[in-house]
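Before any comments, here is the structure.
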Amino acid sequence: MTMHARRRFLVRSAAAVGAVAASGARAEQATPPGIPDWMKAPGADTGSQPYGTPSRFEAGIIRNIPKGLKQYTSASTRTPLQDLDGILTPNGLFYERHHGGIPDIDPAQHRLMIHGLVERPLVLTMEDVRRFPSESHIYFLECSGNPGFEAIKGKTASDLVGLISCAEWTGVRLATVLREAGLKPDAKWVVAEGADAAAMTRSIPIAKCLDDALLVYSQNGERLRPQQGYPLRVFLPGFEGNMSVKWLRRLNVAAEPGYTREETSKYTDLMPDGTARQFTFVMEAKSIITRPSGTQRITPGFNEITGLAWTGRGRIRGVQVTTDGGKSWREAALQEPVLNRALTRFRLPWTWDGQQTTIASRAIDETGYVQPSFEDLTAVRGLKSFYHNNAVVPWRIAADGEVANGYA
Ligand code: CO
């Protein structure tokens, strides 16, 4: 970047500093060359906080807890995507979805049973699980109801698609553990059961189990949080979140799926003709602009547009951004490295002219699939579906700079 170009970004911020300094004595004191209070005495003792937390000035950056959900059947919390940078979600802000509350599991008492169509049924302690060869991978996790088809009226990026997060997961390949038990020839499904009060149970095709499926015990370097399945969960890269069964206690190897509640009445997709799609596992390509996004306010001039893209089918190939309500689309820059089945950060430099407009992003994945508009998606899927809404999210920018949901 040339010095000339750089200066143009800084004009506005220099003006902003002047405005802050003029607004009060305390602000002036904190602005160079003044000496702020926190330079006049030593800071907090080292070790005053054995487990660290963010600055008290960031206390507002918290998960978004939708009102009106039934605590024991449909509880969820959403990641504040609009407040985060990069691709990794801090463990304290990772989205949650529970079907029967959060169990308080003693890892010393926890066991994983592997039985059914295996040569050697196993009952493993957590110590046993951790003796297997380990791997770490960065993957996104997304709820299939993110958002429901009728729930596109949210205000913020978190309201709309906050049921997605991304972390580094550590554990053992599920294939390694299944090989230890020895699969019988007619083993086609693995039915995974959680140790929560819902005994959350999902059936996983054997091909996924032998591909990239993991049994995970750590997230972002530390042991799983109770909300994420402590001490052990399944992790199925790119598949809908509820299948990555938390608090894992049992793997029943079978010739048929379990046809459990969560794969008959729930997590199926009602089509316009009244039939239902079942076993819709993969999360299709999707993206959202997280800044600027709903409830934020921008000023004319330079604004970086940034957001997140992902696909359950592998890597993101590209993200296109419109700043003129869909008349034209420009290629955004992707933050490298672009990882398999992880969030991908995209950015586009933009100079806003102060006119009302609509901005949006659309993701293209490595299979060539293009994220659809809501109109194109519902033309195929109808409006009776709840899950797997991966439509483009538009943000409307008013002349005063206020950003709002472009669906509403
Ligand atoms: Co599904």
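So you can find residues: chains in the structure tokens are A, B, ... in the order shown, residues in each start at 1, and ligands are numbered from 1 in order.
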
Which of segment 91-225 of chain A counts as strand (DSSP E or B) under DSSP, as a ChimeraX atom specification please? /A:96-98,111-116,118,122-125,135-142,164-173,183,189-194,201-205,214-219,222-223

Check every protein, DNA and RNA residue against ligand 1, keep those with an atom at most 9 Å away (counting only C-alpha atoms and all ligand atoms), and present them as a PyMOL selection string. chain A and resi 144-145+239-240+263+266-269+277-283+387-388

Mind writing the picked residues with N, CA, C and O atoms as a PDB file, in the first residue's frame?
```
ATOM      1  N   SER A 144     -28.357 -27.539  12.299  1.00  0.00           N
ATOM      2  CA  SER A 144     -29.086 -27.565  11.024  1.00  0.00           C
ATOM      3  C   SER A 144     -30.237 -26.558  11.004  1.00  0.00           C
ATOM      4  O   SER A 144     -30.735 -26.221   9.940  1.00  0.00           O
ATOM      5  N   GLY A 145     -30.657 -26.057  12.160  1.00  0.00           N
ATOM      6  CA  GLY A 145     -31.719 -25.039  12.200  1.00  0.00           C
ATOM      7  C   GLY A 145     -31.142 -23.642  12.335  1.00  0.00           C
ATOM      8  O   GLY A 145     -31.517 -22.897  13.235  1.00  0.00           O
ATOM      9  N   PHE A 239     -21.070 -32.233   8.993  1.00  0.00           N
ATOM     10  CA  PHE A 239     -22.425 -32.748   9.203  1.00  0.00           C
ATOM     11  C   PHE A 239     -23.195 -31.857  10.178  1.00  0.00           C
ATOM     12  O   PHE A 239     -22.602 -31.140  10.980  1.00  0.00           O
ATOM     13  N   GLU A 240     -24.525 -31.936  10.141  1.00  0.00           N
ATOM     14  CA  GLU A 240     -25.345 -31.108  11.034  1.00  0.00           C
ATOM     15  C   GLU A 240     -24.974 -31.399  12.486  1.00  0.00           C
ATOM     16  O   GLU A 240     -24.718 -32.540  12.864  1.00  0.00           O
ATOM     17  N   GLU A 263     -34.316 -38.576  14.276  1.00  0.00           N
ATOM     18  CA  GLU A 263     -34.180 -38.774  12.829  1.00  0.00           C
ATOM     19  C   GLU A 263     -35.507 -39.206  12.193  1.00  0.00           C
ATOM     20  O   GLU A 263     -35.535 -39.656  11.060  1.00  0.00           O
ATOM     21  N   LYS A 266     -37.913 -35.256  14.349  1.00  0.00           N
ATOM     22  CA  LYS A 266     -37.049 -34.070  14.273  1.00  0.00           C
ATOM     23  C   LYS A 266     -35.938 -34.294  13.247  1.00  0.00           C
ATOM     24  O   LYS A 266     -35.652 -35.420  12.863  1.00  0.00           O
ATOM     25  N   TYR A 267     -35.309 -33.193  12.859  1.00  0.00           N
ATOM     26  CA  TYR A 267     -34.160 -33.237  11.943  1.00  0.00           C
ATOM     27  C   TYR A 267     -34.484 -33.945  10.635  1.00  0.00           C
ATOM     28  O   TYR A 267     -33.626 -34.593  10.034  1.00  0.00           O
ATOM     29  N   THR A 268     -35.766 -33.843  10.223  1.00  0.00           N
ATOM     30  CA  THR A 268     -36.164 -34.231   8.874  1.00  0.00           C
ATOM     31  C   THR A 268     -36.736 -32.970   8.232  1.00  0.00           C
ATOM     32  O   THR A 268     -37.078 -32.012   8.934  1.00  0.00           O
ATOM     33  N   ASP A 269     -36.848 -32.961   6.916  1.00  0.00           N
ATOM     34  CA  ASP A 269     -37.197 -31.742   6.197  1.00  0.00           C
ATOM     35  C   ASP A 269     -38.464 -31.946   5.377  1.00  0.00           C
ATOM     36  O   ASP A 269     -38.462 -32.688   4.390  1.00  0.00           O
ATOM     37  N   ARG A 277     -37.736 -35.235   3.682  1.00  0.00           N
ATOM     38  CA  ARG A 277     -36.367 -35.699   3.464  1.00  0.00           C
ATOM     39  C   ARG A 277     -35.836 -36.182   4.813  1.00  0.00           C
ATOM     40  O   ARG A 277     -36.025 -35.521   5.825  1.00  0.00           O
ATOM     41  N   GLN A 278     -35.188 -37.351   4.789  1.00  0.00           N
ATOM     42  CA  GLN A 278     -34.620 -37.888   6.027  1.00  0.00           C
ATOM     43  C   GLN A 278     -33.118 -38.089   5.835  1.00  0.00           C
ATOM     44  O   GLN A 278     -32.648 -38.259   4.711  1.00  0.00           O
ATOM     45  N   PHE A 279     -32.363 -38.065   6.935  1.00  0.00           N
ATOM     46  CA  PHE A 279     -30.911 -38.261   6.886  1.00  0.00           C
ATOM     47  C   PHE A 279     -30.243 -37.237   5.962  1.00  0.00           C
ATOM     48  O   PHE A 279     -29.470 -37.575   5.083  1.00  0.00           O
ATOM     49  N   THR A 280     -30.588 -35.969   6.176  1.00  0.00           N
ATOM     50  CA  THR A 280     -29.934 -34.867   5.463  1.00  0.00           C
ATOM     51  C   THR A 280     -28.792 -34.392   6.347  1.00  0.00           C
ATOM     52  O   THR A 280     -28.997 -33.629   7.283  1.00  0.00           O
ATOM     53  N   PHE A 281     -27.623 -34.909   6.051  1.00  0.00           N
ATOM     54  CA  PHE A 281     -26.494 -34.763   6.974  1.00  0.00           C
ATOM     55  C   PHE A 281     -25.635 -33.518   6.727  1.00  0.00           C
ATOM     56  O   PHE A 281     -25.244 -32.834   7.654  1.00  0.00           O
ATOM     57  N   VAL A 282     -25.321 -33.264   5.449  1.00  0.00           N
ATOM     58  CA  VAL A 282     -24.270 -32.294   5.136  1.00  0.00           C
ATOM     59  C   VAL A 282     -24.801 -30.857   5.203  1.00  0.00           C
ATOM     60  O   VAL A 282     -25.886 -30.570   4.703  1.00  0.00           O
ATOM     61  N   MET A 283     -24.042 -29.972   5.806  1.00  0.00           N
ATOM     62  CA  MET A 283     -24.358 -28.549   5.832  1.00  0.00           C
ATOM     63  C   MET A 283     -23.814 -27.921   4.553  1.00  0.00           C
ATOM     64  O   MET A 283     -22.607 -27.930   4.309  1.00  0.00           O
ATOM     65  N   TYR A 387     -35.205 -27.062   8.839  1.00  0.00           N
ATOM     66  CA  TYR A 387     -33.743 -27.166   8.854  1.00  0.00           C
ATOM     67  C   TYR A 387     -33.126 -26.880   7.486  1.00  0.00           C
ATOM     68  O   TYR A 387     -33.806 -26.884   6.473  1.00  0.00           O
ATOM     69  N   HIS A 388     -31.813 -26.658   7.493  1.00  0.00           N
ATOM     70  CA  HIS A 388     -31.011 -26.507   6.269  1.00  0.00           C
ATOM     71  C   HIS A 388     -31.429 -25.298   5.434  1.00  0.00           C
ATOM     72  O   HIS A 388     -31.694 -25.412   4.242  1.00  0.00           O
TER      73      HIS A 388
END
```

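Secondary structure from DSSP on the backbone puts helix (DSSP H, G or I) at the following positions of segment 266-401 of chain A: A:Phe374, A:Glu375, A:Asp376, A:Leu377, A:Thr378, A:Ala379, A:Val380, A:Arg381.
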
Convert the current residue selection to file output with C-alpha atoms, as a PDB file, in the first residue's frame.
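Contents of again.pdb, as written:
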```
ATOM      1  CA  PHE A 374     -33.848 -17.229  -0.155  1.00  0.00           C
ATOM      2  CA  GLU A 375     -36.187 -17.059  -3.193  1.00  0.00           C
ATOM      3  CA  ASP A 376     -34.232 -19.728  -5.096  1.00  0.00           C
ATOM      4  CA  LEU A 377     -33.977 -21.974  -2.040  1.00  0.00           C
ATOM      5  CA  THR A 378     -37.667 -21.817  -1.133  1.00  0.00           C
ATOM      6  CA  ALA A 379     -38.662 -22.344  -4.794  1.00  0.00           C
ATOM      7  CA  VAL A 380     -37.245 -25.865  -4.356  1.00  0.00           C
ATOM      8  CA  ARG A 381     -37.743 -26.520  -0.665  1.00  0.00           C
TER       9      ARG A 381
END
```

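If you measure from each of A:Arg63, A:Arg315, A:Arg297, A:Arg223 to Ser165 of chain A using only C-alpha atoms, the closest one turns out to be A:Arg63.
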
Nearby residues (only C-alpha atoms) at most 12 Å from Ser244 of chain A, same-chain spacing under 6 positions excluded, as a PyMOL selection string: chain A and resi 97-98+140-144+174+191-194+200-204+208-209+213-216+228-229+232-238+281

At a cut-off of 8 Å, can you tabulate as a tab-separated table every residue of segment 120-195 of chain A near segment 390-404 of chain A together with its closest atom pair and the distance in Å to one decimal, using only C-alpha atoms and ordering rows by chain then number?
```
residue	atom	partner	partner_atom	distance
A:Asn146	CA	A:Asn390	CA	7.9
A:Lys155	CA	A:Ala404	CA	6.5
A:Thr156	CA	A:Ala404	CA	7.8
```

Those same residues - N, CA, C and O atoms - I'd like them written as an mmCIF file, in the first residue's frame.
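Full text of selection28.cif as output:
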```cif
data_model
loop_
_atom_site.group_PDB
_atom_site.id
_atom_site.type_symbol
_atom_site.label_atom_id
_atom_site.label_comp_id
_atom_site.auth_asym_id
_atom_site.auth_seq_id
_atom_site.Cartn_x
_atom_site.Cartn_y
_atom_site.Cartn_z
ATOM 1 N N ASN A 146 -30.219 -23.269 11.459
ATOM 2 C CA ASN A 146 -29.448 -22.028 11.609
ATOM 3 C C ASN A 146 -29.589 -21.122 10.397
ATOM 4 O O ASN A 146 -28.687 -21.073 9.575
ATOM 5 N N LYS A 155 -32.338 -9.555 14.207
ATOM 6 C CA LYS A 155 -31.732 -8.230 13.985
ATOM 7 C C LYS A 155 -30.240 -8.326 13.679
ATOM 8 O O LYS A 155 -29.727 -7.597 12.839
ATOM 9 N N THR A 156 -29.538 -9.200 14.425
ATOM 10 C CA THR A 156 -28.074 -9.244 14.305
ATOM 11 C C THR A 156 -27.631 -10.485 13.537
ATOM 12 O O THR A 156 -28.411 -11.419 13.321
#
```

Might you pull out every residue within 12 Å of Glu256 of chain A, with only C-alpha atoms counted and same-chain residues fewer than 2 positions away left off, and present them as a short mmCIF file (atom, residue, chain, number, x, y, z; two decimals) with N, CA, C and O atoms, in the first residue's frame?
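Written output follows (around_33.cif):
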```cif
data_model
loop_
_atom_site.label_atom_id
_atom_site.label_comp_id
_atom_site.auth_asym_id
_atom_site.auth_seq_id
_atom_site.Cartn_x
_atom_site.Cartn_y
_atom_site.Cartn_z
N GLY A 116 -22.56 -54.34 19.60
CA GLY A 116 -23.31 -54.61 18.37
C GLY A 116 -22.48 -55.48 17.44
O GLY A 116 -21.90 -56.48 17.88
N LEU A 117 -22.42 -55.07 16.17
CA LEU A 117 -21.75 -55.89 15.15
C LEU A 117 -20.23 -55.70 15.17
O LEU A 117 -19.63 -55.21 14.22
N ASP A 186 -21.36 -56.94 8.10
CA ASP A 186 -22.64 -56.25 7.85
C ASP A 186 -22.80 -54.98 8.68
O ASP A 186 -23.90 -54.43 8.79
N ALA A 187 -21.71 -54.48 9.23
CA ALA A 187 -21.76 -53.20 9.98
C ALA A 187 -21.93 -52.05 8.99
O ALA A 187 -21.04 -51.78 8.20
N LYS A 188 -23.08 -51.40 9.02
CA LYS A 188 -23.36 -50.31 8.07
C LYS A 188 -23.63 -48.96 8.76
O LYS A 188 -23.54 -47.92 8.12
N TRP A 189 -24.02 -49.00 10.02
CA TRP A 189 -24.35 -47.79 10.77
C TRP A 189 -23.75 -47.89 12.17
O TRP A 189 -23.59 -49.00 12.70
N VAL A 190 -23.48 -46.73 12.76
CA VAL A 190 -23.09 -46.69 14.17
C VAL A 190 -24.08 -45.76 14.87
O VAL A 190 -24.21 -44.58 14.49
N VAL A 191 -24.79 -46.30 15.85
CA VAL A 191 -25.79 -45.52 16.56
C VAL A 191 -25.14 -44.99 17.84
O VAL A 191 -24.75 -45.76 18.72
N ARG A 202 -28.19 -40.56 17.65
CA ARG A 202 -28.20 -40.38 16.20
C ARG A 202 -27.43 -41.52 15.53
O ARG A 202 -26.47 -42.05 16.09
N SER A 203 -27.85 -41.85 14.31
CA SER A 203 -27.23 -42.91 13.53
C SER A 203 -26.26 -42.31 12.52
O SER A 203 -26.63 -41.37 11.81
N ILE A 204 -25.07 -42.87 12.46
CA ILE A 204 -24.03 -42.34 11.58
C ILE A 204 -23.66 -43.41 10.55
O ILE A 204 -23.36 -44.55 10.93
N PRO A 205 -23.68 -43.07 9.26
CA PRO A 205 -23.30 -44.06 8.24
C PRO A 205 -21.85 -44.51 8.45
O PRO A 205 -20.99 -43.70 8.80
N ILE A 206 -21.60 -45.80 8.21
CA ILE A 206 -20.28 -46.36 8.50
C ILE A 206 -19.19 -45.66 7.67
O ILE A 206 -18.05 -45.49 8.13
N ASN A 252 -23.36 -48.22 19.18
CA ASN A 252 -23.96 -49.51 18.85
C ASN A 252 -23.81 -49.72 17.34
O ASN A 252 -24.45 -49.03 16.55
N VAL A 253 -22.94 -50.65 16.96
CA VAL A 253 -22.68 -50.89 15.54
C VAL A 253 -23.79 -51.79 15.01
O VAL A 253 -24.09 -52.84 15.58
N ALA A 254 -24.44 -51.35 13.92
CA ALA A 254 -25.67 -52.01 13.46
C ALA A 254 -25.72 -52.11 11.94
O ALA A 254 -24.94 -51.46 11.23
N GLY A 258 -30.88 -46.34 13.61
CA GLY A 258 -31.72 -46.51 14.79
C GLY A 258 -33.14 -45.99 14.60
O GLY A 258 -34.03 -46.35 15.35
N TYR A 259 -33.36 -45.14 13.59
CA TYR A 259 -34.65 -44.46 13.39
C TYR A 259 -35.14 -43.87 14.72
O TYR A 259 -36.25 -44.14 15.16
N THR A 260 -34.28 -43.12 15.35
CA THR A 260 -34.59 -42.53 16.65
C THR A 260 -35.50 -41.32 16.47
O THR A 260 -35.74 -40.85 15.34
#
```

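Nearest to Pro133 of chain A of all the residues A:Trp352, A:Thr170, A:Gly307, A:Gly318 is A:Thr170, counting only C-alpha atoms.
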
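Here atom CA of Leu112 of chain A stands at a distance of 7.9 Å from atom CA of Met126 of chain A.
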
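For the residues A:Thr323, A:Thr351, A:Asn389, A:Gln356, ranking by smallest atom-to-atom distance to Glu284 of chain A using only C-alpha atoms places A:Asn389 first.
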